[in-house]
Amino acid sequence: MNRTHTNGELRLSDVGKEVKLVGWVAKKRKFRNILFVDLRDRYGITQVVFDEEILGSIPDLRNEYVLEVSGVVLKKEVANPKLKTGEIEVSIREFEILNTAKTTPFMIQDETDGLEDLRLEYRYLDLRRPIIQEKLIMRDRVTGIIRNFLHELNFIEVETPILGKSTPEGARDYLVPSRLYHGNFYALPQSPQIFKQLLMVGGLDRYFQVARCFRDEDLRADRQPEFTQIDIEMSFVEEKDIFEVVEKMMKKIFKDIKSIDLPKFKVIKYVDAMERYGSDKPDLRFGNELLDVSTIFKNTEFTIFKNVLENGGLIKALVFKDIADQLSKKDFEKLQNYVKKYGAKALAYLKYQDEISGSIAKVLSDNEKEELKAKLNIGNNDVVFMIADSYKVVSAALGALRVKLAKDFNLINQDSYEFAWIVDFPMYEYSEEEQRFVAAHHPFTSPKIEDIDKLIDDKANCYSRAYDLVLNGYELLSGSIRIHNQELQAKVFEALGLSLEEAKDKFGFFLEAFEYGAPPHGGVGIGLERLIMILSNTDNIKDVVAFPKTASASDLMSGAPNDVDIKQLKDLGIALITKEN
RNA sequence: GGUCCGGUAGUGUAGCGGUUAUCAUGCCUCCCUGUCACGGAGGAGAUCGUGGGUUCGAGUCCCAUCCGGACCGCCA
């Protein structure tokens with residue numbers, strides 16, 4: 001069954017050769033005495049010709065039959081420029097049908113008719129589509145580049161446990177019941193965080209892993225319950241050392257995959273990113289920055305603005321140039337509804353045309369409108385959007401609007417890749433729900449040295465050595481310099497509201513490890529799927545996962561999750577709670 | 001936990017109170033030596049997601065439920 005060539009391989013220079021090909025029937029075009037078949041495999045498509053004069057008869061082939069064919073390579077009189085192999089065809093002398101196939105539920109081609117749920121149910125057929133294969137092949141290339149790159153820098157790949165210990169902070173764990181210890185559970189790792197730090201304590205110095213991670217949270221178009229993180233940790237480093245490794249690695253990936261030479265990555269402080277873009281993962285492919293216009297309205301008569309300012313809120317503006325004539329009243333209504341999702345009560349807007357119109361044109365003074373115009377450098381046909389609310393709501397709503405409008409008005413260059421390190425994240429964020437400060441990152445993140453004194457008494461102004469790398473509006477990776485000092489770690493646990501007892505119960509082994517000479521260390525976790533999504537120009541994470549789950553975390557193909565035999569539950573000592581009790 | 005959108009031949013869709021349930025594609029049969037989105041003729045193919053209700057009459061309206069999708073919350 002040895003093929004001599006793949007279906008993407010034969011060229012004009014192969015004319016005259018005897019070849020053997022294998023593959024699937026992608027398409028057939030039949031006449032009385034001749035049959036053309038597009039034979040497909042992972043490498044491409046080759047047209048093969050079944051000629052009655054040569055074979056005596058024409059076989060009855062259907063789409064997706066699996067064939068082995070032998071024949072001679074001929075030059076085509078009229079080439080097909082759409083195929084790499086379009087200048088030749090193979091005239092069949094012998095063939096064998098290796099397998100037949102039912103009619104597929106959707107067309108096996110890039111432009112398929114099947115919708116996503118159907119394609120997921122028959123993922124093994126969906127995987128035959130070149131457009132899906134390309135993405136998995138790219139994913140393999142990227143992990144290959146990463147492995148080679150890190151190995152050259154003395155990193156070693158270590159596998160850490162999948163069955164671990166549940167820690168109730170953070171994302172919800174996937175739990176695995178223990179058969180030997182009834183009532184006890186393993187947790188699947190949300191990330192190999194503790195283990196990789198212990199590898200540093202263990203003296204491994206430079207570690208990485210292509211790590212599967214699991215989070216039992218609700219999904220999104222860019223989130224799966226299980227995903228892959230390129231997990232990296234280094235000893236005896238500071239931020240700049242880690243940035244250098246990651247930056248070189250990204251440059252290597254973009255050079256090899258996209259033939260792009262990336263410039264040096266920007267560095268933006270978290271507070272500046274929030275101020276300018278309303279987001280800690282800003283899309284830097286376009287401008288349209290947020291501007292604080294509170295001072296213009298400090299003596300305003302407009303009660304809504306006035307009240308917000310009096311209650312400690314602020315007013316920010318977002319300007320989009322030369323679009324006023326393209327937005328109808330209905331469009332503005334849609335945008336007003338859009339920002340409500342983010343908690344904004346309203347979206348104010350002004351259209352600067354021959355006259356100034358818009359939702360708040362009548363309630364603002366001429367002076368205010370002119371001041372806005374001057375401060376925001378507004379020209380004819382520009383639109384100013386404003387939201388007055390708390391800092392958090394203004395940032396979230398106006399930040400999201402900024403991205404939406406840029407997309408709607410095609411202001412984003414799809415071929416550009418704008419990286420930036422976001423640094424100096426706050427140590428805590430305030431949880432409205434719990435009415436207290438909670439950890440903004442995992443509890444092993446080091447505070448800024450100069451902020452150690454603020455850990456307990458001034459949480460609002462305490463910053464950490466955490467950083468993200470953002471790319472085109474996505475958080476590509478997250479990392480930090482870790483705490484390596486037992487006392488500081490204990491202090492941070494305390495600051496986070498973990499009693500010494502709780503801390504010992506949950507992380508005792510970890511704290512103890514720090515008493516035996518833990519080196520300074522830090523690292524990152526890179527979201528592999530997101531990187532591949534960006535590289536392959538898709539906004540759907542399912543496209544870059546071989547067997548993805550739906551938005552409700554089910555596998556339409558296998559039917560997972562499913563109920564299990566009562567005997568299995570008994571072995572585990574588990575009884576199910578039914579709705580009745 | 002919440003908001004919104006969708007579910008009609010194999011597939012993608014039209015229909016929005018009375019139709020023989022639309023169109024395209026796929027499928028099957030026949031015709032066609034050069035197609036490469038082949039072409040031509042004909043044919044089969046739909047418990048309109050499921051269960052209730054309103055109505056003389058329900059893909060069509062209402063309620064519930066299941067499934068899929070997007071988003072908010074969530075994702076230390």
# chains A, B, ... in the order shown; residues from 1 in each chain; ligands from 1
>>> residues_around(residues="Leu120 in chain A", least_positions_apart="2", cutoff="8 Å", atoms="only C-alpha atoms (C1' of nucleotides)", output="ChimeraX atom specification")
/A:116-118,122-123,126,547-548,555-557
>>> write_last_selection(atoms="all heavy atoms", output="short mmCIF file (atom, residue, chain, number, x, y, z; two decimals), in the first residue's frame")
data_model
loop_
_atom_site.label_atom_id
_atom_site.label_comp_id
_atom_site.auth_asym_id
_atom_site.auth_seq_id
_atom_site.Cartn_x
_atom_site.Cartn_y
_atom_site.Cartn_z
N GLU A 116 -21.95 24.79 12.82
CA GLU A 116 -20.94 24.32 13.76
C GLU A 116 -21.37 23.11 14.59
O GLU A 116 -20.58 22.18 14.78
CB GLU A 116 -20.55 25.46 14.70
CG GLU A 116 -19.32 25.13 15.51
CD GLU A 116 -18.92 26.27 16.41
OE1 GLU A 116 -19.59 26.51 17.43
OE2 GLU A 116 -17.94 26.93 16.09
N ASP A 117 -22.62 23.08 15.05
CA ASP A 117 -22.99 21.95 15.92
C ASP A 117 -22.95 20.64 15.16
O ASP A 117 -22.53 19.61 15.69
CB ASP A 117 -24.37 22.19 16.57
CG ASP A 117 -25.45 22.51 15.55
OD1 ASP A 117 -25.11 22.86 14.41
OD2 ASP A 117 -26.63 22.42 15.91
N LEU A 118 -23.34 20.69 13.89
CA LEU A 118 -23.30 19.47 13.09
C LEU A 118 -21.85 19.04 12.84
O LEU A 118 -21.50 17.86 12.91
CB LEU A 118 -24.01 19.71 11.76
CG LEU A 118 -24.25 18.45 10.92
CD1 LEU A 118 -25.35 17.61 11.54
CD2 LEU A 118 -24.62 18.83 9.50
N TYR A 122 -19.90 15.44 14.00
CA TYR A 122 -19.10 14.60 13.10
C TYR A 122 -17.72 15.21 12.94
O TYR A 122 -17.27 15.45 11.82
CB TYR A 122 -19.78 14.48 11.74
CG TYR A 122 -21.13 13.81 11.79
CD1 TYR A 122 -22.30 14.55 11.92
CD2 TYR A 122 -21.23 12.42 11.70
CE1 TYR A 122 -23.54 13.93 11.98
CE2 TYR A 122 -22.46 11.79 11.75
CZ TYR A 122 -23.61 12.55 11.89
OH TYR A 122 -24.83 11.93 11.94
N ARG A 123 -17.07 15.46 14.06
CA ARG A 123 -15.80 16.18 14.00
C ARG A 123 -14.78 15.45 13.15
O ARG A 123 -13.96 16.07 12.47
CB ARG A 123 -15.27 16.38 15.42
CG ARG A 123 -14.00 17.23 15.49
CD ARG A 123 -14.21 18.64 14.96
NE ARG A 123 -13.16 19.55 15.42
CZ ARG A 123 -13.06 20.81 15.06
NH1 ARG A 123 -13.96 21.33 14.22
NH2 ARG A 123 -12.10 21.57 15.52
N ASP A 126 -15.30 16.69 9.84
CA ASP A 126 -14.92 18.10 9.80
C ASP A 126 -13.39 18.23 9.69
O ASP A 126 -12.87 19.12 9.01
CB ASP A 126 -15.43 18.79 11.06
CG ASP A 126 -15.50 20.30 10.93
OD1 ASP A 126 -15.72 20.77 9.80
OD2 ASP A 126 -15.34 20.99 11.94
N PHE A 547 -10.76 18.42 19.11
CA PHE A 547 -12.06 17.92 19.53
C PHE A 547 -12.65 18.85 20.58
O PHE A 547 -12.59 18.57 21.78
CB PHE A 547 -11.95 16.49 20.07
CG PHE A 547 -11.50 15.51 19.03
CD1 PHE A 547 -10.17 15.10 18.96
CD2 PHE A 547 -12.38 15.01 18.08
CE1 PHE A 547 -9.74 14.21 17.98
CE2 PHE A 547 -11.97 14.11 17.11
CZ PHE A 547 -10.65 13.71 17.05
N PRO A 548 -13.22 19.98 20.15
CA PRO A 548 -13.67 21.00 21.11
C PRO A 548 -15.01 20.66 21.75
O PRO A 548 -15.75 19.80 21.27
CB PRO A 548 -13.79 22.25 20.25
CG PRO A 548 -14.03 21.75 18.87
CD PRO A 548 -13.43 20.38 18.75
N ASP A 555 -19.53 17.46 24.71
CA ASP A 555 -18.90 16.98 23.49
C ASP A 555 -20.00 16.36 22.64
O ASP A 555 -20.52 15.30 22.97
CB ASP A 555 -17.82 15.94 23.84
CG ASP A 555 -17.18 15.36 22.58
OD1 ASP A 555 -17.67 15.63 21.46
OD2 ASP A 555 -16.20 14.61 22.72
N LEU A 556 -20.39 17.05 21.56
CA LEU A 556 -21.53 16.60 20.76
C LEU A 556 -21.24 15.28 20.05
O LEU A 556 -22.14 14.57 19.66
CB LEU A 556 -21.90 17.67 19.73
CG LEU A 556 -22.46 18.98 20.30
CD1 LEU A 556 -22.69 19.97 19.19
CD2 LEU A 556 -23.74 18.73 21.09
N MET A 557 -19.97 14.96 19.88
CA MET A 557 -19.60 13.74 19.17
C MET A 557 -19.74 12.53 20.09
O MET A 557 -20.43 11.58 19.77
CB MET A 557 -18.17 13.87 18.66
CG MET A 557 -17.70 12.70 17.82
SD MET A 557 -16.02 13.00 17.24
CE MET A 557 -15.12 12.98 18.80
#
>>> closest_atom_pairs(of="chain B", to="chain A", cutoff="9 Å", atoms="only C-alpha atoms (C1' of nucleotides)", output="Markdown table")
| residue | atom | partner | partner_atom | distance |
| --- | --- | --- | --- | --- |
| B:U3 | C1' | A:Lys341 | CA | 8.5 |
| B:G10 | C1' | A:Pro105 | CA | 5.6 |
| B:U11 | C1' | A:Phe106 | CA | 5.6 |
| B:G12 | C1' | A:Asp113 | CA | 5.8 |
| B:U25 | C1' | A:Asp113 | CA | 8.6 |
| B:G26 | C1' | A:Met107 | CA | 8.0 |
| B:C27 | C1' | A:Thr103 | CA | 7.7 |
| B:C31 | C1' | A:Arg32 | CA | 8.5 |
| B:C32 | C1' | A:Phe31 | CA | 5.9 |
| B:U33 | C1' | A:Asn33 | CA | 6.1 |
| B:G34 | C1' | A:Ile34 | CA | 8.6 |
| B:U35 | C1' | A:Arg29 | CA | 6.1 |
| B:C36 | C1' | A:Asn80 | CA | 6.8 |
| B:C38 | C1' | A:Arg29 | CA | 6.7 |
| B:G68 | C1' | A:Asp117 | CA | 6.4 |
| B:G69 | C1' | A:Ala551 | CA | 7.8 |
| B:A70 | C1' | A:Ala221 | CA | 8.0 |
| B:C71 | C1' | A:Lys341 | CA | 8.1 |
| B:C72 | C1' | A:Lys341 | CA | 5.8 |
| B:C74 | C1' | A:Glu217 | CA | 6.7 |
| B:C75 | C1' | A:Ala171 | CA | 6.0 |
| B:A76 | C1' | A:Gly170 | CA | 3.8 |
>>> select_by_dssp(residues="range 218-402 of chain A", states="helix (DSSP H, G or I)", output="count of residues only")
77
>>> residues_around(residues="Leu401 in chain A", least_positions_apart="6", cutoff="10 Å", atoms="only C-alpha atoms (C1' of nucleotides)", output="list in words")
Gly278, Leu318, Leu335, Gln336, Tyr338, Val339, Tyr342, Leu347, Phe385, Ser395 and Lys407 of chain A
>>> residues_around(residues="range 364-366 of chain A", least_positions_apart="5", cutoff="8 Å", atoms="only C-alpha atoms (C1' of nucleotides)", output="ChimeraX atom specification")
/A:300-302
>>> write_last_selection(atoms="all heavy atoms", output="compact mmCIF listing (two decimals), in the first residue's frame")
# COMPACT_ATOMS: atom_id res chain seq x y z
N THR A 300 -21.31 71.93 35.80
CA THR A 300 -22.39 71.73 34.83
C THR A 300 -23.76 71.85 35.46
O THR A 300 -23.96 71.59 36.65
CB THR A 300 -22.25 70.36 34.14
OG1 THR A 300 -23.18 70.30 33.06
CG2 THR A 300 -22.55 69.22 35.11
N GLU A 301 -24.72 72.26 34.61
CA GLU A 301 -26.13 72.33 35.03
C GLU A 301 -26.84 71.01 34.73
O GLU A 301 -27.97 70.79 35.17
CB GLU A 301 -26.84 73.46 34.26
CG GLU A 301 -26.26 74.83 34.49
CD GLU A 301 -26.55 75.34 35.89
OE1 GLU A 301 -27.73 75.28 36.32
OE2 GLU A 301 -25.59 75.76 36.57
N PHE A 302 -26.19 70.18 33.94
CA PHE A 302 -26.80 68.92 33.52
C PHE A 302 -26.79 67.95 34.71
O PHE A 302 -25.74 67.48 35.14
CB PHE A 302 -26.03 68.36 32.32
CG PHE A 302 -26.55 67.04 31.82
CD1 PHE A 302 -27.92 66.76 31.80
CD2 PHE A 302 -25.66 66.09 31.32
CE1 PHE A 302 -28.38 65.54 31.31
CE2 PHE A 302 -26.12 64.89 30.84
CZ PHE A 302 -27.48 64.61 30.83
>>> select_by_dssp(residues="range 272-391 of chain A", states="strand (DSSP E or B)", output="VMD selection string")
chain A and resid 291 to 292 314 to 320 348 to 352 356 to 357 382 to 389
